[in-house]
2 protein chains.
Amino acid sequence: MSEPAPDPTPEVAESAPEPADHDDAGVESAIDADIPRPAVARLAGYLYVLRSFSQRGVLVASSGELARAAGVNPAILRKDLSHVGANGVRGVGYDVGRLTARISMALHTDNVQLVALAGAGRLGQALLAHTGFGRGFQVVALFDEDPALIGQALTPSGPTIGPLSDIDKIGSSDAPQVEIGVVATSDDHAQRAFDAFVAAGVRQVLNVTPVSLSTDADVVVRQVDLALELQVLAFQASRPSSSGAAERLPSGRRRPSVMGEETVTA
Amino acid sequence: MSEPAPDPTPEVAESAPEPADHDDAGVESAIDADIPRPAVARLAGYLYVLRSFSQRGVLVASSGELARAAGVNPAILRKDLSHVGANGVRGVGYDVGRLTARISMALHTDNVQLVALAGAGRLGQALLAHTGFGRGFQVVALFDEDPALIGQALTPSGPTIGPLSDIDKIGSSDAPQVEIGVVATSDDHAQRAFDAFVAAGVRQVLNVTPVSLSTDADVVVRQVDLALELQVLAFQASRPSSSGAAERLPSGRRRPSVMGEETVTA
DNA sequence: GTCTGTGAAGGGCTTCACAGCT
DNA sequence: AGCTGTGAAGCCCTTCACAGAC
């Protein structure tokens, strides 16, 4: 048996103006936050898959279909969904709209989170573009040390870039409460921007610099280093690829990981 | 999916049959590639820490110092270093220069790896800037679909941007052998760029789009999604911070993870 | 019959703790 | 005494396999 038409056709036909229909039939059970961290990362990925399914007009999907689209094992997908109290229909599958709503609620993506971004360089701008999607984030403050950038606005309706010394202003009572700070500055300003975020009361920070930030405060820091990912990839290149045969695979074999997903298809 | 040229030439960059027991100044012992994936990611991070130590004139560092700077547990740092055959001096610590060389060799960072980048937008440019450091990567090919970018060069000495349809040219014999492909395009071009990379013989791909790439070929794919990281961070925000007390910590308490490092300092 | 939900098994990684060298 | 290197314990997560609902 071979792969059932891995459609190399053009991407999603944009001719499906699918409204995001949120119909929850009394979804109420508040799920505990005892979701394993790797599962949280995967659940966020399922949201993206579900969105594409919805745009294609798919109303119901089985765990197998979702898993293949997300590049994970069907069993772990079902287990992940069980963490958010998903209600699939046996013998049928999952309702795409309802499942989307369920995961969004569990990940608190249904409420818009306010983000402050330190570092408006290329990486910061890339992040700004990716968050603007509709994923539940809104960048309400921008900071940078480049004099050419200070005072400008990257988006027509977006905030004006201020110097890093203005980070403390997001802690003032009249300013909107920023939930997440992103450190995308140059390496030598990363710790300083981070300290300012902490002083301003930000409790979660995404650090996209290679600098390891340190603090005494109660802050959750998540670090993503693109160059480090390249190094990890380069190392795995040198690993022997197991059996010499195999050009085709009877069933997709994937090896997922926390977030730096490693999908070895062999 | 037509392989223009199968890979009859498996290039074994390094073949080290037997570990050498004697290592004088010449670091020679070949370490087996049985390094756990999370350890590889941390080792790459240690390189960054060691570089900063070296710049500050530090010649010797203990596992405790290195671990604090890297934000990890001292025990796991020692175990990570044991995987690369590190030779620390008991009662003293590690020689910064020697340890750097040792890790670089183990991660194959001592040899420059050639990279092809599809997608020269903000994210691609950010990656380009980060790899240019001296981390052992060189971007030798750039591709994008934006007519305004095609034909231009982002760096004075860098390659000229070509259309995505030119990706197959990196597979030609006269072109330099690209080891790693990076997919940083818009979502609707990601799979296409990926397929082109695979057809051109690229065996490792870093995917920084949220699209889950699928293939039948023997390719290692690593995915990093910045927006997904934000969602994971936002979720962990809502977790109860365990004990209500704790403003100070007697000893650093860290919770490391694979790569999306989560450092809860409490 | 199909597909979900989940207990149980299995594996990998982190942490502990201590032996051993300097 | 101080610090490294490592076996062993423990934990978390993934995978398997099957009972149960439609």
# chains A, B, ... in the order shown; residues from 1 in each chain; ligands from 1
$ interface_residues --of "chain A" --to "chain C" --cutoff "8 Å" --atoms "only C-alpha atoms (C1' of nucleotides)" --output "PyMOL selection string"
chain A and resi 62+78-79+82+88-93
$ residues_around --residues "Ala190 of chain A" --least-positions-apart "2" --cutoff "12 Å" --atoms "only C-alpha atoms (C1' of nucleotides)" --output "PyMOL selection string"
chain A and resi 117-119+143-145+164+181-188+192-197+205-214+223
$ write_last_selection --atoms "C-alpha atoms" --output "PDB file, in the first residue's frame"
ATOM      1  CA  LEU A 117       8.862  43.554  21.719  1.00  0.00           C
ATOM      2  CA  ALA A 118      12.398  44.691  22.429  1.00  0.00           C
ATOM      3  CA  GLY A 119      14.485  44.762  19.305  1.00  0.00           C
ATOM      4  CA  PHE A 143      11.673  49.179  21.617  1.00  0.00           C
ATOM      5  CA  ASP A 144      15.043  49.462  19.959  1.00  0.00           C
ATOM      6  CA  GLU A 145      18.326  51.272  20.362  1.00  0.00           C
ATOM      7  CA  LEU A 164      15.000  50.490  25.518  1.00  0.00           C
ATOM      8  CA  GLY A 181       7.932  40.324  26.593  1.00  0.00           C
ATOM      9  CA  VAL A 182      10.054  39.337  23.650  1.00  0.00           C
ATOM     10  CA  VAL A 183      13.794  39.915  23.663  1.00  0.00           C
ATOM     11  CA  ALA A 184      14.993  40.168  20.067  1.00  0.00           C
ATOM     12  CA  THR A 185      17.743  42.721  20.548  1.00  0.00           C
ATOM     13  CA  SER A 186      21.403  42.380  19.754  1.00  0.00           C
ATOM     14  CA  ASP A 187      23.284  40.166  22.171  1.00  0.00           C
ATOM     15  CA  ASP A 188      24.793  42.984  24.184  1.00  0.00           C
ATOM     16  CA  ARG A 192      19.359  44.850  29.828  1.00  0.00           C
ATOM     17  CA  ALA A 193      16.072  44.585  27.971  1.00  0.00           C
ATOM     18  CA  PHE A 194      15.196  41.517  29.986  1.00  0.00           C
ATOM     19  CA  ASP A 195      15.889  43.247  33.285  1.00  0.00           C
ATOM     20  CA  ALA A 196      13.686  46.116  32.204  1.00  0.00           C
ATOM     21  CA  PHE A 197      10.874  43.749  31.355  1.00  0.00           C
ATOM     22  CA  VAL A 205       9.611  36.323  28.265  1.00  0.00           C
ATOM     23  CA  LEU A 206      10.448  34.813  24.919  1.00  0.00           C
ATOM     24  CA  ASN A 207      14.158  35.122  24.274  1.00  0.00           C
ATOM     25  CA  VAL A 208      15.230  34.745  20.669  1.00  0.00           C
ATOM     26  CA  THR A 209      18.838  35.722  21.313  1.00  0.00           C
ATOM     27  CA  PRO A 210      21.553  33.223  22.164  1.00  0.00           C
ATOM     28  CA  VAL A 211      22.167  34.983  25.474  1.00  0.00           C
ATOM     29  CA  SER A 212      21.109  33.012  28.518  1.00  0.00           C
ATOM     30  CA  LEU A 213      19.185  35.454  30.656  1.00  0.00           C
ATOM     31  CA  SER A 214      19.430  35.355  34.414  1.00  0.00           C
ATOM     32  CA  GLN A 223      14.600  30.593  24.600  1.00  0.00           C
TER      33      GLN A 223
END
$ select_by_dssp --residues "segment 86-252 of chain A" --states "strand (DSSP E)" --output "PyMOL selection string"
chain A and resi 94-95+113-118+137-143+161-162+180-183+204-207+219-223
$ closest_residue --among "A:Arg37, A:Arg56, A:His189, A:His83" --to "chain B" --atoms "only C-alpha atoms"
A:Arg37
$ atom_distance --atom1 "atom CA of Val96 of chain A" --atom2 "atom CA of Val60 of chain A"
5.4 Å
$ atom_distance --atom1 "atom CA of Ser104 of chain B" --atom2 "atom CA of Gln231 of chain A"
10.0 Å
$ closest_atom_pairs --of "chain D" --to "chain A" --cutoff "8 Å" --atoms "only C-alpha atoms (C1' of nucleotides)" --output "CSV"
residue,atom,partner,partner_atom,distance
D:DT14,C1',A:Ile76,CA,7.3
D:DT15,C1',A:Ala75,CA,7.6
D:DA21,C1',A:Arg90,CA,5.9
D:DC22,C1',A:Arg90,CA,5.5
$ decode --residues "chain C" --atoms "N, CA and C atoms (P, O5', C5', C4', C3', O3' and C1' of nucleotides)" --output "PDB file, in the first residue's frame"
ATOM      1  P    DG C   1     -15.998  -7.124  10.739  1.00  0.00           P
ATOM      2  O5'  DG C   1     -16.019  -5.562  10.522  1.00  0.00           O
ATOM      3  C5'  DG C   1     -16.580  -5.117   9.257  1.00  0.00           C
ATOM      4  C4'  DG C   1     -16.623  -3.608   9.310  1.00  0.00           C
ATOM      5  C3'  DG C   1     -15.284  -2.979   9.740  1.00  0.00           C
ATOM      6  O3'  DG C   1     -14.906  -1.986   8.797  1.00  0.00           O
ATOM      7  C1'  DG C   1     -17.064  -2.205  11.131  1.00  0.00           C
ATOM      8  P    DT C   2     -13.422  -1.396   8.879  1.00  0.00           P
ATOM      9  O5'  DT C   2     -13.655   0.005   9.603  1.00  0.00           O
ATOM     10  C5'  DT C   2     -14.636   0.904   9.085  1.00  0.00           C
ATOM     11  C4'  DT C   2     -14.734   2.122   9.995  1.00  0.00           C
ATOM     12  C3'  DT C   2     -13.379   2.684  10.417  1.00  0.00           C
ATOM     13  O3'  DT C   2     -13.377   4.081  10.283  1.00  0.00           O
ATOM     14  C1'  DT C   2     -14.687   2.205  12.326  1.00  0.00           C
ATOM     15  P    DC C   3     -11.996   4.879  10.219  1.00  0.00           P
ATOM     16  O5'  DC C   3     -11.964   5.563  11.654  1.00  0.00           O
ATOM     17  C5'  DC C   3     -13.046   6.409  12.026  1.00  0.00           C
ATOM     18  C4'  DC C   3     -13.032   6.598  13.527  1.00  0.00           C
ATOM     19  C3'  DC C   3     -11.682   7.048  14.105  1.00  0.00           C
ATOM     20  O3'  DC C   3     -11.847   8.220  14.857  1.00  0.00           O
ATOM     21  C1'  DC C   3     -12.574   5.244  15.345  1.00  0.00           C
ATOM     22  P    DT C   4     -10.610   8.932  15.569  1.00  0.00           P
ATOM     23  O5'  DT C   4     -11.100   8.990  17.079  1.00  0.00           O
ATOM     24  C5'  DT C   4     -12.392   9.502  17.376  1.00  0.00           C
ATOM     25  C4'  DT C   4     -12.820   9.037  18.763  1.00  0.00           C
ATOM     26  C3'  DT C   4     -11.952   9.577  19.908  1.00  0.00           C
ATOM     27  O3'  DT C   4     -12.792   9.995  20.977  1.00  0.00           O
ATOM     28  C1'  DT C   4     -12.002   7.220  19.981  1.00  0.00           C
ATOM     29  P    DG C   5     -12.212  11.082  22.051  1.00  0.00           P
ATOM     30  O5'  DG C   5     -11.755  10.153  23.269  1.00  0.00           O
ATOM     31  C5'  DG C   5     -12.748   9.513  24.045  1.00  0.00           C
ATOM     32  C4'  DG C   5     -12.107   8.491  24.980  1.00  0.00           C
ATOM     33  C3'  DG C   5     -10.994   9.033  25.888  1.00  0.00           C
ATOM     34  O3'  DG C   5     -11.247   8.587  27.205  1.00  0.00           O
ATOM     35  C1'  DG C   5     -10.243   7.120  24.729  1.00  0.00           C
ATOM     36  P    DT C   6     -10.411   9.136  28.463  1.00  0.00           P
ATOM     37  O5'  DT C   6      -9.501   7.913  28.894  1.00  0.00           O
ATOM     38  C5'  DT C   6     -10.078   6.613  28.955  1.00  0.00           C
ATOM     39  C4'  DT C   6      -8.995   5.567  29.124  1.00  0.00           C
ATOM     40  C3'  DT C   6      -7.781   6.001  29.960  1.00  0.00           C
ATOM     41  O3'  DT C   6      -7.431   4.956  30.831  1.00  0.00           O
ATOM     42  C1'  DT C   6      -7.051   5.118  27.932  1.00  0.00           C
ATOM     43  P    DG C   7      -7.456   5.270  32.417  1.00  0.00           P
ATOM     44  O5'  DG C   7      -6.592   4.049  32.977  1.00  0.00           O
ATOM     45  C5'  DG C   7      -7.214   2.789  33.054  1.00  0.00           C
ATOM     46  C4'  DG C   7      -6.305   1.713  32.490  1.00  0.00           C
ATOM     47  C3'  DG C   7      -4.994   1.520  33.264  1.00  0.00           C
ATOM     48  O3'  DG C   7      -4.810   0.130  33.521  1.00  0.00           O
ATOM     49  C1'  DG C   7      -4.549   1.818  30.953  1.00  0.00           C
ATOM     50  P    DA C   8      -3.604  -0.373  34.441  1.00  0.00           P
ATOM     51  O5'  DA C   8      -2.516  -0.791  33.365  1.00  0.00           O
ATOM     52  C5'  DA C   8      -2.882  -1.680  32.307  1.00  0.00           C
ATOM     53  C4'  DA C   8      -1.664  -2.024  31.464  1.00  0.00           C
ATOM     54  C3'  DA C   8      -0.353  -2.145  32.241  1.00  0.00           C
ATOM     55  O3'  DA C   8       0.400  -3.229  31.715  1.00  0.00           O
ATOM     56  C1'  DA C   8      -0.128  -0.481  30.588  1.00  0.00           C
ATOM     57  P    DA C   9       1.770  -3.669  32.420  1.00  0.00           P
ATOM     58  O5'  DA C   9       2.818  -3.521  31.239  1.00  0.00           O
ATOM     59  C5'  DA C   9       2.491  -4.020  29.934  1.00  0.00           C
ATOM     60  C4'  DA C   9       3.390  -3.386  28.885  1.00  0.00           C
ATOM     61  C3'  DA C   9       4.881  -3.455  29.212  1.00  0.00           C
ATOM     62  O3'  DA C   9       5.596  -3.865  28.057  1.00  0.00           O
ATOM     63  C1'  DA C   9       4.256  -1.215  28.786  1.00  0.00           C
ATOM     64  P    DG C  10       7.115  -4.372  28.220  1.00  0.00           P
ATOM     65  O5'  DG C  10       7.940  -3.208  27.530  1.00  0.00           O
ATOM     66  C5'  DG C  10       7.544  -2.715  26.252  1.00  0.00           C
ATOM     67  C4'  DG C  10       8.210  -1.375  25.992  1.00  0.00           C
ATOM     68  C3'  DG C  10       9.689  -1.328  26.377  1.00  0.00           C
ATOM     69  O3'  DG C  10      10.465  -1.051  25.218  1.00  0.00           O
ATOM     70  C1'  DG C  10       8.508   0.578  27.195  1.00  0.00           C
ATOM     71  P    DG C  11      12.043  -1.040  25.284  1.00  0.00           P
ATOM     72  O5'  DG C  11      12.328   0.527  25.246  1.00  0.00           O
ATOM     73  C5'  DG C  11      11.565   1.359  24.364  1.00  0.00           C
ATOM     74  C4'  DG C  11      12.013   2.796  24.516  1.00  0.00           C
ATOM     75  C3'  DG C  11      13.508   2.995  24.754  1.00  0.00           C
ATOM     76  O3'  DG C  11      13.960   4.093  23.996  1.00  0.00           O
ATOM     77  C1'  DG C  11      12.289   3.959  26.524  1.00  0.00           C
ATOM     78  P    DG C  12      15.468   4.311  23.689  1.00  0.00           P
ATOM     79  O5'  DG C  12      15.639   5.829  24.121  1.00  0.00           O
ATOM     80  C5'  DG C  12      14.606   6.760  23.804  1.00  0.00           C
ATOM     81  C4'  DG C  12      14.671   7.936  24.740  1.00  0.00           C
ATOM     82  C3'  DG C  12      16.098   8.413  25.044  1.00  0.00           C
ATOM     83  O3'  DG C  12      16.150   9.820  24.910  1.00  0.00           O
ATOM     84  C1'  DG C  12      14.933   8.014  27.056  1.00  0.00           C
ATOM     85  P    DC C  13      17.527  10.531  24.846  1.00  0.00           P
ATOM     86  O5'  DC C  13      17.395  11.551  26.053  1.00  0.00           O
ATOM     87  C5'  DC C  13      16.137  12.200  26.266  1.00  0.00           C
ATOM     88  C4'  DC C  13      16.014  12.634  27.705  1.00  0.00           C
ATOM     89  C3'  DC C  13      17.254  13.331  28.262  1.00  0.00           C
ATOM     90  O3'  DC C  13      16.892  14.567  28.828  1.00  0.00           O
ATOM     91  C1'  DC C  13      16.519  11.627  29.728  1.00  0.00           C
ATOM     92  P    DT C  14      18.041  15.612  29.202  1.00  0.00           P
ATOM     93  O5'  DT C  14      17.815  15.817  30.767  1.00  0.00           O
ATOM     94  C5'  DT C  14      16.513  16.084  31.255  1.00  0.00           C
ATOM     95  C4'  DT C  14      16.396  15.686  32.713  1.00  0.00           C
ATOM     96  C3'  DT C  14      17.401  16.374  33.657  1.00  0.00           C
ATOM     97  O3'  DT C  14      16.691  16.962  34.731  1.00  0.00           O
ATOM     98  C1'  DT C  14      17.397  14.042  34.011  1.00  0.00           C
ATOM     99  P    DT C  15      17.480  18.048  35.619  1.00  0.00           P
ATOM    100  O5'  DT C  15      17.756  17.239  36.961  1.00  0.00           O
ATOM    101  C5'  DT C  15      16.661  16.637  37.625  1.00  0.00           C
ATOM    102  C4'  DT C  15      17.158  15.605  38.613  1.00  0.00           C
ATOM    103  C3'  DT C  15      18.231  16.110  39.588  1.00  0.00           C
ATOM    104  O3'  DT C  15      17.716  16.064  40.903  1.00  0.00           O
ATOM    105  C1'  DT C  15      18.771  13.959  38.705  1.00  0.00           C
ATOM    106  P    DC C  16      18.570  16.644  42.089  1.00  0.00           P
ATOM    107  O5'  DC C  16      19.173  15.317  42.742  1.00  0.00           O
ATOM    108  C5'  DC C  16      18.296  14.236  43.040  1.00  0.00           C
ATOM    109  C4'  DC C  16      19.098  12.992  43.396  1.00  0.00           C
ATOM    110  C3'  DC C  16      20.186  13.195  44.449  1.00  0.00           C
ATOM    111  O3'  DC C  16      20.001  12.274  45.507  1.00  0.00           O
ATOM    112  C1'  DC C  16      21.049  12.029  42.565  1.00  0.00           C
ATOM    113  P    DA C  17      20.606  12.529  46.922  1.00  0.00           P
ATOM    114  O5'  DA C  17      21.890  11.595  46.924  1.00  0.00           O
ATOM    115  C5'  DA C  17      21.757  10.264  46.446  1.00  0.00           C
ATOM    116  C4'  DA C  17      23.123   9.670  46.150  1.00  0.00           C
ATOM    117  C3'  DA C  17      24.219  10.078  47.146  1.00  0.00           C
ATOM    118  O3'  DA C  17      24.960   8.939  47.503  1.00  0.00           O
ATOM    119  C1'  DA C  17      24.918  10.523  44.940  1.00  0.00           C
ATOM    120  P    DC C  18      25.795   8.914  48.871  1.00  0.00           P
ATOM    121  O5'  DC C  18      27.148   8.213  48.423  1.00  0.00           O
ATOM    122  C5'  DC C  18      27.096   7.173  47.450  1.00  0.00           C
ATOM    123  C4'  DC C  18      28.311   7.223  46.547  1.00  0.00           C
ATOM    124  C3'  DC C  18      29.630   7.539  47.275  1.00  0.00           C
ATOM    125  O3'  DC C  18      30.634   6.664  46.799  1.00  0.00           O
ATOM    126  C1'  DC C  18      29.405   8.903  45.416  1.00  0.00           C
ATOM    127  P    DA C  19      31.514   5.822  47.848  1.00  0.00           P
ATOM    128  O5'  DA C  19      32.563   5.101  46.894  1.00  0.00           O
ATOM    129  C5'  DA C  19      32.102   4.469  45.698  1.00  0.00           C
ATOM    130  C4'  DA C  19      32.977   4.844  44.511  1.00  0.00           C
ATOM    131  C3'  DA C  19      34.476   4.853  44.821  1.00  0.00           C
ATOM    132  O3'  DA C  19      35.183   4.250  43.750  1.00  0.00           O
ATOM    133  C1'  DA C  19      33.834   6.947  43.949  1.00  0.00           C
ATOM    134  P    DG C  20      36.725   3.908  43.906  1.00  0.00           P
ATOM    135  O5'  DG C  20      37.434   5.138  43.176  1.00  0.00           O
ATOM    136  C5'  DG C  20      37.120   5.397  41.804  1.00  0.00           C
ATOM    137  C4'  DG C  20      37.851   6.629  41.318  1.00  0.00           C
ATOM    138  C3'  DG C  20      39.313   6.737  41.768  1.00  0.00           C
ATOM    139  O3'  DG C  20      40.100   7.210  40.699  1.00  0.00           O
ATOM    140  C1'  DG C  20      38.164   8.675  42.398  1.00  0.00           C
ATOM    141  P    DC C  21      41.628   6.852  40.621  1.00  0.00           P
ATOM    142  O5'  DC C  21      42.286   8.219  40.169  1.00  0.00           O
ATOM    143  C5'  DC C  21      41.769   8.891  39.024  1.00  0.00           C
ATOM    144  C4'  DC C  21      41.896  10.388  39.186  1.00  0.00           C
ATOM    145  C3'  DC C  21      43.315  10.870  39.533  1.00  0.00           C
ATOM    146  O3'  DC C  21      43.728  11.813  38.573  1.00  0.00           O
ATOM    147  C1'  DC C  21      41.716  11.889  40.944  1.00  0.00           C
ATOM    148  P    DT C  22      45.210  12.306  38.492  1.00  0.00           P
ATOM    149  O5'  DT C  22      45.122  13.728  39.191  1.00  0.00           O
ATOM    150  C5'  DT C  22      44.223  14.713  38.698  1.00  0.00           C
ATOM    151  C4'  DT C  22      44.324  15.981  39.540  1.00  0.00           C
ATOM    152  C3'  DT C  22      45.743  16.368  39.937  1.00  0.00           C
ATOM    153  O3'  DT C  22      45.972  17.733  39.685  1.00  0.00           O
ATOM    154  C1'  DT C  22      44.353  16.270  41.841  1.00  0.00           C
TER     155       DT C  22
END
